[in-house]
file model.pdb (PDB, C-alpha atoms)
ATOM      1  CA  MET A 125       0.000   0.000   0.000
ATOM      2  CA  PRO A 126       1.315   3.428  -0.775
ATOM      3  CA  ALA A 127       2.380   5.347   2.244
ATOM      4  CA  VAL A 128       0.021   8.083   3.359
ATOM      5  CA  ARG A 129       1.761  11.423   3.458
ATOM      6  CA  GLU A 130       1.000  13.786   6.302
ATOM      7  CA  GLN A 131      -0.593  17.031   5.159
ATOM      8  CA  THR A 132       0.954  20.027   6.742
ATOM      9  CA  ALA A 133       0.016  23.633   6.337
ATOM     10  CA  PRO A 134       2.294  25.490   3.973
ATOM     11  CA  ARG A 135       4.808  27.676   5.637
ATOM     12  CA  PRO A 136       4.472  31.379   4.942
ATOM     13  CA  PRO A 137       7.274  33.024   3.063
ATOM     14  CA  LEU A 138      10.142  34.397   5.049
ATOM     15  CA  GLY A 139       9.334  37.770   6.563
ATOM     16  CA  THR A 140       5.572  37.559   6.075
ATOM     17  CA  GLY A 141       4.599  35.981   9.414
ATOM     18  CA  PRO A 142       3.091  37.835  12.376
ATOM     19  CA  PRO A 143       5.602  40.078  14.138
ATOM     20  CA  ARG A 144       7.058  38.706  17.290
ATOM     21  CA  ARG A 145       6.643  40.691  20.515
ATOM     22  CA  SER A 146       9.880  42.205  21.566
ATOM     23  CA  THR A 147      11.258  40.953  24.831
ATOM     24  CA  ILE A 148      13.494  43.978  25.319
ATOM     25  CA  PRO A 149      12.093  46.111  28.158
ATOM     26  CA  GLY A 150      11.294  49.697  27.196
ATOM     27  CA  PRO A 151       9.799  52.797  28.788
ATOM     28  CA  ARG A 152       6.129  52.362  29.779
ATOM     29  CA  ARG A 153       3.695  54.841  28.288
ATOM     30  CA  PRO A 154       1.528  56.790  30.742
ATOM     31  CA  SER A 155      -2.020  55.527  30.974
ATOM     32  CA  LYS A 156      -4.693  57.724  29.398
ATOM     33  CA  SER A 157      -7.050  57.033  32.282
ATOM     34  CA  THR A 158      -4.525  58.547  34.692
ATOM     35  CA  GLY A 159      -4.461  61.791  32.742
ATOM     36  CA  ARG A 160      -8.226  61.894  32.528
ATOM     37  CA  GLY A 161      -8.478  61.443  36.277
ATOM     38  CA  ILE A 162      -6.185  64.382  37.032
ATOM     39  CA  TRP A 163      -7.300  66.979  34.502
ATOM     40  CA  PRO A 164     -10.869  67.523  35.821
ATOM     41  CA  TYR A 165      -9.449  68.332  39.244
ATOM     42  CA  VAL A 166      -6.869  70.654  37.714
ATOM     43  CA  LEU A 167      -9.561  72.500  35.768
ATOM     44  CA  ILE A 168     -11.858  73.039  38.754
ATOM     45  CA  ALA A 169      -9.030  73.854  41.169
ATOM     46  CA  PRO A 170      -9.135  77.654  40.525
ATOM     47  CA  ALA A 171     -12.889  77.773  41.205
ATOM     48  CA  VAL A 172     -12.537  75.695  44.371
ATOM     49  CA  LEU A 173      -9.642  77.789  45.653
ATOM     50  CA  GLY A 174     -11.517  81.003  44.877
ATOM     51  CA  THR A 175     -14.580  79.732  46.727
ATOM     52  CA  LEU A 176     -12.493  78.747  49.739
ATOM     53  CA  TYR A 177     -10.837  82.160  49.819
ATOM     54  CA  LEU A 178     -13.962  84.258  49.247
ATOM     55  CA  LEU A 179     -16.497  82.268  51.287
ATOM     56  CA  VAL A 180     -14.936  79.790  53.675
ATOM     57  CA  TYR A 181     -12.090  81.968  54.938
ATOM     58  CA  PRO A 182     -14.326  84.975  55.822
ATOM     59  CA  LEU A 183     -16.737  82.626  57.589
ATOM     60  CA  VAL A 184     -13.970  81.029  59.642
ATOM     61  CA  ARG A 185     -12.475  84.450  60.381
ATOM     62  CA  ALA A 186     -15.846  85.750  61.563
ATOM     63  CA  VAL A 187     -16.247  82.750  63.867
ATOM     64  CA  VAL A 188     -12.809  83.405  65.382
ATOM     65  CA  ILE A 189     -13.511  87.133  65.901
ATOM     66  CA  SER A 190     -16.852  86.339  67.551
ATOM     67  CA  LEU A 191     -14.926  84.371  70.185
ATOM     68  CA  GLN A 192     -12.440  87.189  70.886
ATOM     69  CA  ASP A 193     -12.371  90.587  72.527
ATOM     70  CA  PHE A 194     -11.975  92.404  69.223
ATOM     71  CA  GLY A 195     -12.428  96.169  69.100
ATOM     72  CA  LEU A 196     -10.790  99.067  67.286
ATOM     73  CA  ARG A 197      -7.576  98.720  69.295
ATOM     74  CA  GLN A 198      -7.221  95.045  68.418
ATOM     75  CA  LEU A 199      -8.009  95.818  64.784
ATOM     76  CA  ILE A 200      -5.066  98.241  64.579
ATOM     77  CA  LEU A 201      -2.532  96.784  67.005
ATOM     78  CA  GLY A 202      -3.592  93.142  67.123
ATOM     79  CA  GLY A 203      -3.301  91.002  70.235
ATOM     80  CA  ALA A 204      -6.970  90.039  70.553
ATOM     81  CA  ARG A 205      -7.623  87.567  73.362
ATOM     82  CA  PHE A 206     -10.184  84.800  73.372
ATOM     83  CA  VAL A 207     -13.188  85.265  75.640
ATOM     84  CA  GLY A 208     -15.163  82.164  74.673
ATOM     85  CA  LEU A 209     -18.933  82.622  74.389
ATOM     86  CA  LYS A 210     -19.025  85.927  76.269
ATOM     87  CA  ASN A 211     -19.970  87.898  73.158
ATOM     88  CA  TYR A 212     -22.871  85.556  72.468
ATOM     89  CA  GLU A 213     -24.071  85.908  76.058
ATOM     90  CA  THR A 214     -23.978  89.699  75.735
ATOM     91  CA  LEU A 215     -25.810  89.552  72.414
ATOM     92  CA  LEU A 216     -28.530  87.152  73.526
ATOM     93  CA  GLY A 217     -29.115  89.178  76.676
ATOM     94  CA  ASP A 218     -29.839  92.346  74.691
ATOM     95  CA  GLY A 219     -33.554  93.100  74.321
ATOM     96  CA  ARG A 220     -32.927  95.137  71.158
ATOM     97  CA  PHE A 221     -31.380  92.091  69.508
ATOM     98  CA  TRP A 222     -34.526  90.001  69.989
ATOM     99  CA  GLU A 223     -36.649  92.826  68.635
ATOM    100  CA  VAL A 224     -34.456  92.845  65.542
ATOM    101  CA  VAL A 225     -34.837  89.056  65.212
ATOM    102  CA  ARG A 226     -38.623  89.379  65.331
ATOM    103  CA  ARG A 227     -38.560  92.137  62.719
ATOM    104  CA  THR A 228     -36.257  90.072  60.511
ATOM    105  CA  PHE A 229     -38.641  87.108  60.414
ATOM    106  CA  LEU A 230     -41.581  89.446  59.796
ATOM    107  CA  PHE A 231     -39.686  91.113  56.940
ATOM    108  CA  MET A 232     -38.753  87.738  55.448
ATOM    109  CA  THR A 233     -42.278  86.329  55.711
ATOM    110  CA  ILE A 234     -43.974  89.328  54.095
ATOM    111  CA  ASN A 235     -41.471  89.455  51.252
ATOM    112  CA  VAL A 236     -41.471  85.736  50.486
ATOM    113  CA  VAL A 237     -45.277  85.495  50.486
ATOM    114  CA  LEU A 238     -45.628  88.499  48.176
ATOM    115  CA  ILE A 239     -42.808  87.371  45.878
ATOM    116  CA  MET A 240     -44.077  83.814  45.432
ATOM    117  CA  THR A 241     -47.702  84.906  44.962
ATOM    118  CA  LEU A 242     -46.934  87.622  42.414
ATOM    119  CA  SER A 243     -44.358  85.480  40.608
ATOM    120  CA  THR A 244     -46.796  82.598  40.226
ATOM    121  CA  LEU A 245     -49.502  84.897  38.876
ATOM    122  CA  VAL A 246     -47.088  86.555  36.445
ATOM    123  CA  ALA A 247     -45.801  83.172  35.232
ATOM    124  CA  LEU A 248     -49.356  81.932  34.637
ATOM    125  CA  MET A 249     -50.164  85.161  32.785
ATOM    126  CA  ILE A 250     -47.106  84.829  30.537
ATOM    127  CA  GLU A 251     -48.085  81.260  29.670
ATOM    128  CA  ARG A 252     -51.447  82.445  28.361
ATOM    129  CA  LEU A 253     -50.162  85.394  26.341
ATOM    130  CA  GLY A 254     -49.439  85.386  22.639
ATOM    131  CA  ARG A 255     -45.969  85.580  21.160
ATOM    132  CA  PHE A 256     -45.823  89.393  21.108
ATOM    133  CA  GLY A 257     -47.208  89.836  24.609
ATOM    134  CA  ARG A 258     -44.979  87.093  26.002
ATOM    135  CA  THR A 259     -41.896  88.665  24.459
ATOM    136  CA  ALA A 260     -42.792  92.117  25.790
ATOM    137  CA  VAL A 261     -43.420  90.903  29.342
ATOM    138  CA  LEU A 262     -40.292  88.733  29.450
ATOM    139  CA  SER A 263     -38.190  91.597  28.106
ATOM    140  CA  ALA A 264     -39.540  93.932  30.790
ATOM    141  CA  LEU A 265     -38.815  91.346  33.484
ATOM    142  CA  VAL A 266     -35.257  90.803  32.262
ATOM    143  CA  LEU A 267     -34.579  94.559  32.165
ATOM    144  CA  SER A 268     -35.948  94.973  35.692
ATOM    145  CA  TRP A 269     -33.891  92.037  36.908
ATOM    146  CA  ALA A 270     -30.714  93.399  35.278
ATOM    147  CA  MET A 271     -31.022  96.790  36.974
ATOM    148  CA  PRO A 272     -28.265  97.207  39.606
ATOM    149  CA  VAL A 273     -29.396  97.189  43.223
ATOM    150  CA  ILE A 274     -27.915 100.605  43.995
ATOM    151  CA  SER A 275     -29.570 102.164  40.949
ATOM    152  CA  ALA A 276     -32.968 100.708  41.803
ATOM    153  CA  THR A 277     -32.649 101.862  45.419
ATOM    154  CA  THR A 278     -31.749 105.398  44.302
ATOM    155  CA  VAL A 279     -34.750 105.487  41.958
ATOM    156  CA  PHE A 280     -37.068 104.477  44.795
ATOM    157  CA  GLN A 281     -35.551 107.161  47.007
ATOM    158  CA  TRP A 282     -36.452 109.792  44.438
ATOM    159  CA  LEU A 283     -39.906 108.315  43.807
ATOM    160  CA  PHE A 284     -40.790 108.743  47.485
ATOM    161  CA  HIS A 285     -38.916 112.002  48.041
ATOM    162  CA  SER A 286     -40.915 114.367  50.242
ATOM    163  CA  GLU A 287     -40.598 117.412  47.943
ATOM    164  CA  PHE A 288     -39.655 116.152  44.481
ATOM    165  CA  GLY A 289     -41.107 112.642  44.543
ATOM    166  CA  ILE A 290     -43.557 111.518  41.887
ATOM    167  CA  VAL A 291     -45.606 109.499  44.375
ATOM    168  CA  ASN A 292     -46.468 112.542  46.491
ATOM    169  CA  ALA A 293     -47.250 114.605  43.394
ATOM    170  CA  VAL A 294     -49.624 111.964  41.976
ATOM    171  CA  LEU A 295     -51.402 111.368  45.286
ATOM    172  CA  THR A 296     -51.828 115.110  45.823
ATOM    173  CA  ARG A 297     -53.343 115.602  42.363
ATOM    174  CA  LEU A 298     -55.736 112.728  43.028
ATOM    175  CA  GLY A 299     -57.115 114.657  45.990
ATOM    176  CA  PHE A 300     -55.095 113.233  48.887
ATOM    177  CA  GLU A 301     -53.883 116.540  50.265
ATOM    178  CA  SER A 302     -52.342 114.894  53.322
ATOM    179  CA  PHE A 303     -49.584 113.487  51.117
ATOM    180  CA  ASP A 304     -48.344 116.932  50.103
ATOM    181  CA  ARG A 305     -44.619 116.810  51.037
ATOM    182  CA  TYR A 306     -45.247 113.687  53.067
ATOM    183  CA  PRO A 307     -41.939 112.454  54.605
ATOM    184  CA  TRP A 308     -42.107 108.757  53.839
ATOM    185  CA  PHE A 309     -38.720 107.879  55.299
ATOM    186  CA  ALA A 310     -39.433 109.691  58.568
ATOM    187  CA  HIS A 311     -42.210 107.257  59.523
ATOM    188  CA  GLY A 312     -41.297 103.706  60.477
ATOM    189  CA  PRO A 313     -44.210 101.766  58.913
ATOM    190  CA  ALA A 314     -43.970 103.807  55.689
ATOM    191  CA  ALA A 315     -40.226 103.232  55.380
ATOM    192  CA  PHE A 316     -40.689  99.519  56.121
ATOM    193  CA  ALA A 317     -43.360  99.268  53.415
ATOM    194  CA  ILE A 318     -41.134 101.027  50.852
ATOM    195  CA  VAL A 319     -38.274  98.630  51.530
ATOM    196  CA  VAL A 320     -40.644  95.672  51.138
ATOM    197  CA  ILE A 321     -41.922  97.045  47.813
ATOM    198  CA  LEU A 322     -38.348  97.512  46.580
ATOM    199  CA  VAL A 323     -37.243  93.992  47.525
ATOM    200  CA  VAL A 324     -40.361  92.448  45.979
ATOM    201  CA  TRP A 325     -39.928  94.487  42.789
ATOM    202  CA  GLN A 326     -36.342  93.295  42.447
ATOM    203  CA  SER A 327     -37.093  89.639  43.221
ATOM    204  CA  VAL A 328     -40.244  88.962  41.190
ATOM    205  CA  PRO A 329     -38.540  88.937  37.734
ATOM    206  CA  PHE A 330     -36.173  86.053  38.547
ATOM    207  CA  ALA A 331     -38.857  84.021  40.279
ATOM    208  CA  ALA A 332     -41.445  84.633  37.549
ATOM    209  CA  ILE A 333     -39.088  83.707  34.702
ATOM    210  CA  THR A 334     -37.988  80.552  36.504
ATOM    211  CA  LEU A 335     -41.548  79.472  37.249
ATOM    212  CA  TYR A 336     -42.611  80.206  33.669
ATOM    213  CA  SER A 337     -39.788  77.972  32.429
ATOM    214  CA  ALA A 338     -41.132  75.217  34.663
ATOM    215  CA  LEU A 339     -44.690  75.742  33.377
ATOM    216  CA  THR A 340     -43.560  75.130  29.800
ATOM    217  CA  THR A 341     -42.652  71.547  30.751
ATOM    218  CA  VAL A 342     -46.223  70.622  31.740
ATOM    219  CA  PRO A 343     -47.844  68.558  28.933
ATOM    220  CA  THR A 344     -50.813  70.316  27.342
ATOM    221  CA  GLU A 345     -52.644  66.976  27.106
ATOM    222  CA  LEU A 346     -53.151  67.020  30.865
ATOM    223  CA  TYR A 347     -54.836  70.433  30.670
ATOM    224  CA  GLU A 348     -57.086  69.296  27.824
ATOM    225  CA  SER A 349     -58.130  66.152  29.686
ATOM    226  CA  ALA A 350     -58.891  68.141  32.830
ATOM    227  CA  ARG A 351     -61.023  70.660  30.911
ATOM    228  CA  LEU A 352     -62.947  67.832  29.251
ATOM    229  CA  ASP A 353     -63.690  66.480  32.730
ATOM    230  CA  GLY A 354     -65.074  69.879  33.731
ATOM    231  CA  ALA A 355     -62.237  70.958  36.070
ATOM    232  CA  SER A 356     -62.059  74.646  36.900
ATOM    233  CA  GLY A 357     -58.928  76.813  36.708
ATOM    234  CA  PRO A 358     -58.068  76.665  40.412
ATOM    235  CA  ARG A 359     -58.700  72.909  40.408
ATOM    236  CA  ILE A 360     -56.356  72.432  37.429
ATOM    237  CA  PHE A 361     -53.662  74.456  39.177
ATOM    238  CA  ARG A 362     -53.953  72.457  42.410
ATOM    239  CA  SER A 363     -54.142  69.019  40.805
ATOM    240  CA  ILE A 364     -51.924  69.359  37.713
ATOM    241  CA  THR A 365     -49.852  72.518  37.491
ATOM    242  CA  PHE A 366     -48.501  72.812  41.019
ATOM    243  CA  PRO A 367     -47.583  69.097  41.441
ATOM    244  CA  MET A 368     -45.679  69.220  38.146
ATOM    245  CA  VAL A 369     -43.714  72.381  38.936
ATOM    246  CA  ARG A 370     -43.388  71.767  42.660
ATOM    247  CA  PRO A 371     -39.607  71.000  42.674
ATOM    248  CA  ILE A 372     -38.811  74.281  40.888
ATOM    249  CA  PHE A 373     -41.302  76.139  43.061
ATOM    250  CA  MET A 374     -39.600  74.854  46.196
ATOM    251  CA  LEU A 375     -36.182  75.755  44.834
ATOM    252  CA  VAL A 376     -37.268  79.322  44.105
ATOM    253  CA  PHE A 377     -38.903  79.508  47.520
ATOM    254  CA  SER A 378     -35.659  78.479  49.213
ATOM    255  CA  LEU A 379     -33.628  81.030  47.273
ATOM    256  CA  GLU A 380     -36.058  83.809  48.135
ATOM    257  CA  VAL A 381     -35.898  82.902  51.823
ATOM    258  CA  ILE A 382     -32.113  83.231  51.716
ATOM    259  CA  TRP A 383     -32.081  86.453  49.700
ATOM    260  CA  THR A 384     -34.706  88.267  51.750
ATOM    261  CA  PHE A 385     -33.292  87.044  55.065
ATOM    262  CA  LYS A 386     -29.920  88.601  54.265
ATOM    263  CA  ALA A 387     -31.184  91.753  52.520
ATOM    264  CA  PHE A 388     -28.759  94.511  53.401
ATOM    265  CA  VAL A 389     -27.858  96.827  50.521
ATOM    266  CA  GLN A 390     -31.369  98.168  49.935
ATOM    267  CA  ILE A 391     -31.958  98.970  53.606
ATOM    268  CA  TRP A 392     -28.492 100.389  54.235
ATOM    269  CA  VAL A 393     -28.572 102.698  51.224
ATOM    270  CA  MET A 394     -32.169 103.822  51.685
ATOM    271  CA  THR A 395     -32.662 104.161  55.450
ATOM    272  CA  ASN A 396     -29.543 102.914  57.304
ATOM    273  CA  GLY A 397     -31.978 100.878  59.369
ATOM    274  CA  GLY A 398     -34.057 103.869  60.421
ATOM    275  CA  PRO A 399     -36.036 105.745  61.357
ATOM    276  CA  GLY A 400     -35.099 104.428  64.768
ATOM    277  CA  ASP A 401     -34.974 100.664  64.252
ATOM    278  CA  ALA A 402     -38.018 100.448  61.985
ATOM    279  CA  THR A 403     -36.099  98.844  59.090
ATOM    280  CA  THR A 404     -33.246  97.240  61.049
ATOM    281  CA  ILE A 405     -32.916  93.506  60.385
ATOM    282  CA  LEU A 406     -30.115  91.169  61.467
ATOM    283  CA  PRO A 407     -27.544  91.968  58.724
ATOM    284  CA  VAL A 408     -28.060  95.706  59.278
ATOM    285  CA  TYR A 409     -27.853  95.232  63.046
ATOM    286  CA  ALA A 410     -24.539  93.394  62.697
ATOM    287  CA  VAL A 411     -23.012  96.207  60.611
ATOM    288  CA  GLN A 412     -24.380  98.886  62.924
ATOM    289  CA  THR A 413     -22.877  97.138  65.952
ATOM    290  CA  ALA A 414     -19.505  96.681  64.266
ATOM    291  CA  LEU A 415     -19.182 100.190  62.789
ATOM    292  CA  SER A 416     -20.972 102.547  65.146
ATOM    293  CA  SER A 417     -19.848 100.932  68.414
ATOM    294  CA  GLN A 418     -16.514  99.609  67.076
ATOM    295  CA  ARG A 419     -17.489  96.220  68.537
ATOM    296  CA  TYR A 420     -16.409  93.913  65.748
ATOM    297  CA  ASP A 421     -16.711  90.924  68.077
ATOM    298  CA  LEU A 422     -20.405  91.560  68.731
ATOM    299  CA  GLY A 423     -20.975  92.264  65.030
ATOM    300  CA  SER A 424     -19.374  88.943  64.107
ATOM    301  CA  ALA A 425     -21.445  87.178  66.758
ATOM    302  CA  ALA A 426     -24.613  88.706  65.287
ATOM    303  CA  SER A 427     -23.556  87.535  61.828
ATOM    304  CA  MET A 428     -23.032  83.994  63.108
ATOM    305  CA  VAL A 429     -26.449  84.007  64.766
ATOM    306  CA  THR A 430     -27.908  85.150  61.441
ATOM    307  CA  VAL A 431     -26.254  82.228  59.634
ATOM    308  CA  VAL A 432     -27.499  79.756  62.248
ATOM    309  CA  LEU A 433     -31.086  81.074  62.143
ATOM    310  CA  MET A 434     -31.175  81.068  58.348
ATOM    311  CA  SER A 435     -29.765  77.540  58.247
ATOM    312  CA  GLY A 436     -32.328  76.419  60.813
ATOM    313  CA  VAL A 437     -35.194  77.823  58.746
ATOM    314  CA  LEU A 438     -33.952  76.056  55.612
ATOM    315  CA  VAL A 439     -33.345  72.736  57.408
ATOM    316  CA  PHE A 440     -36.866  72.809  58.862
ATOM    317  CA  TYR A 441     -38.313  73.652  55.476
ATOM    318  CA  PHE A 442     -36.423  70.885  53.632
ATOM    319  CA  ARG A 443     -37.429  68.337  56.254
ATOM    320  CA  GLN A 444     -41.073  69.216  55.717
ATOM    321  CA  MET A 445     -40.635  69.041  51.935
ATOM    322  CA  PHE A 446     -38.926  65.628  52.012
ATOM    323  CA  ARG A 447     -41.563  64.316  54.420
ATOM    324  CA  GLN A 448     -44.348  65.371  52.057
ATOM    325  CA  GLU A 449     -42.551  63.750  49.131
ATOM    326  CA  ASP A 450     -42.247  60.484  51.078
ATOM    327  CA  GLU A 451     -45.964  60.563  51.858
ATOM    328  CA  LEU A 452     -46.833  61.139  48.205
ATOM    329  CA  ALA A 453     -44.504  58.319  47.162
TER     330      ALA A 453
END

call {"tool": "encode", "arguments": {"input": "model.pdb", "output": "structure tokens"}}
result
Amino acid sequence: MPAVREQTAPRPPLGTGPPRRSTIPGPRRPSKSTGRGIWPYVLIAPAVLGTLYLLVYPLVRAVVISLQDFGLRQLILGGARFVGLKNYETLLGDGRFWEVVRRTFLFMTINVVLIMTLSTLVALMIERLGRFGRTAVLSALVLSWAMPVISATTVFQWLFHSEFGIVNAVLTRLGFESFDRYPWFAHGPAAFAIVVILVVWQSVPFAAITLYSALTTVPTELYESARLDGASGPRIFRSITFPMVRPIFMLVFSLEVIWTFKAFVQIWVMTNGGPGDATTILPVYAVQTALSSQRYDLGSAASMVTVVLMSGVLVFYFRQMFRQEDELA
């Protein structure tokens, strides 16, 4: 029988086979993942360092000063000594301080209620306007929002000026003779009301635009189904609109609480906290204590109490919000 030859695969020509891996050790290339892990931190480092310097350092410095005997002498010569919680004891034992705290919460409550109510109504109005009307209203809101705080405060000062103010002139021509040269800023309730109007006027544009943006995300099919079922406007708002925009509404509410609680520039420029203490809230009280009495320790203590109270209000509010969300879930 003829011998059976073994079939073997043909060998490739010389030099055409797969390249062999070199066994000679060489320099290892840096991993791309390592570079990607470092660069994000490098890019955000300037923002983090700026935040630490502009926010964290002043806060820590204020805490330290509130625990020291820090007056004008210590500011110039140094050598402040620690006194523990003595400044806080002095502050909390002052009856004027608690009156200012009460006025601060009253000021915050009135402003936040007015801002959220007016902003919601304006946002609902914008949603129902045509293209031209919507553009006009949004443009007016943006221009009002972009107006600097100092400029708006100065305008309001002239509007309510006792001799040259437009408000007195209009009220007098309408037959209210008692408002002829009426000194608005010399009466506590009147000055308080003017400051509230100014803060509300400056805050409504942002809140209204934000709420309108949230309203545009509500599906129109839900409104059509509710109208077919015979639901009224208030019922549609309670059952459809507000539940859909509730997260944004709560966010705007929280921001307004913070902004109105720490309102300072408008009051300081317009009334300096007067007449008397009619418009003095906690931030104004802290600056008055630090500048007029040269008690920077008490001023820092008042600032820390302001931060604690504002944080407490927000923590209580968020707890209530999360509890309601858990119940709905």

call {"tool": "residues_around", "arguments": {"input": "model.pdb", "residues": "Met240 (chain A)", "least_positions_apart": "3", "cutoff": "9 Å", "atoms": "all atoms listed in the file", "output": "PyMOL selection string"}}
result
chain A and resi 235-237+243-245+328+331-332+373+376-377+380

call {"tool": "closest_residue", "arguments": {"input": "model.pdb", "among": "A:Met394, A:Ala402, A:Leu438, A:Leu176", "to": "Pro313 (chain A)", "atoms": "all atoms listed in the file"}}
result
A:Ala402

call {"tool": "resolve_selection", "arguments": {"input": "model.pdb", "expression": "the PyMOL selection byres ((chain A and resi 281) around 10)", "output": "list in words"}}
result
Ser275, Ala276, Thr277, Thr278, Val279, Phe280, Trp282, Leu283, Phe284, His285, Ser286, Gly289, Trp308, Phe309, Ile318, Val393, Met394 and Thr395 of chain A

call {"tool": "residues_around", "arguments": {"input": "model.pdb", "residues": "Gln192 (chain A)", "least_positions_apart": "3", "cutoff": "6 Å", "atoms": "all atoms listed in the file", "output": "list in words"}}
result
Ile189, Arg205, Phe206 and Val207 of chain A

call {"tool": "closest_residue", "arguments": {"input": "model.pdb", "among": "A:Ala169, A:Gly161, A:Thr341, A:Leu346", "to": "Ile372 (chain A)", "atoms": "all atoms listed in the file"}}
result
A:Thr341

call {"tool": "resolve_selection", "arguments": {"input": "model.pdb", "expression": "the PyMOL selection byres ((chain A and resi 187) around 12)", "output": "PyMOL selection string"}}
result
chain A and resi 180-186+188-192+194+206+208-209+211-212+420-429+431-432

call {"tool": "atom_distance", "arguments": {"input": "model.pdb", "atom1": "CA of Pro329 (chain A)", "atom2": "CA of Leu265 (chain A)"}}
result
4.9 Å

call {"tool": "atom_distance", "arguments": {"input": "model.pdb", "atom1": "CA of Ala310 (chain A)", "atom2": "CA of Ser327 (chain A)"}}
result
25.4 Å

call {"tool": "atom_distance", "arguments": {"input": "model.pdb", "atom1": "CA of Ala350 (chain A)", "atom2": "CA of Ile333 (chain A)"}}
result
25.3 Å

call {"tool": "closest_residue", "arguments": {"input": "model.pdb", "among": "A:Phe440, A:Tyr177, A:Trp392, A:Phe330", "to": "Val246 (chain A)", "atoms": "only C-alpha atoms"}}
result
A:Phe330

call {"tool": "axis_aligned_box", "arguments": {"input": "model.pdb", "around": "region 434-440 of chain A", "padding_each_side": "6 Å", "output": "AutoDock Vina command-line options"}}
result
--center_x -33.3 --center_y 76.9 --center_z 58.2 --size_x 19.1 --size_y 20.3 --size_z 17.2

call {"tool": "closest_residue", "arguments": {"input": "model.pdb", "among": "A:Trp269, A:Phe316, A:Phe303, A:Phe231", "to": "Pro399 (chain A)", "atoms": "only C-alpha atoms"}}
result
A:Phe316

call {"tool": "closest_residue", "arguments": {"input": "model.pdb", "among": "A:Val439, A:Val323, A:Leu375, A:Ala171", "to": "Ala387 (chain A)", "atoms": "only C-alpha atoms"}}
result
A:Val323

call {"tool": "closest_residue", "arguments": {"input": "model.pdb", "among": "A:Phe229, A:Trp222, A:Tyr336, A:Phe256", "to": "Phe366 (chain A)", "atoms": "all atoms listed in the file"}}
result
A:Tyr336
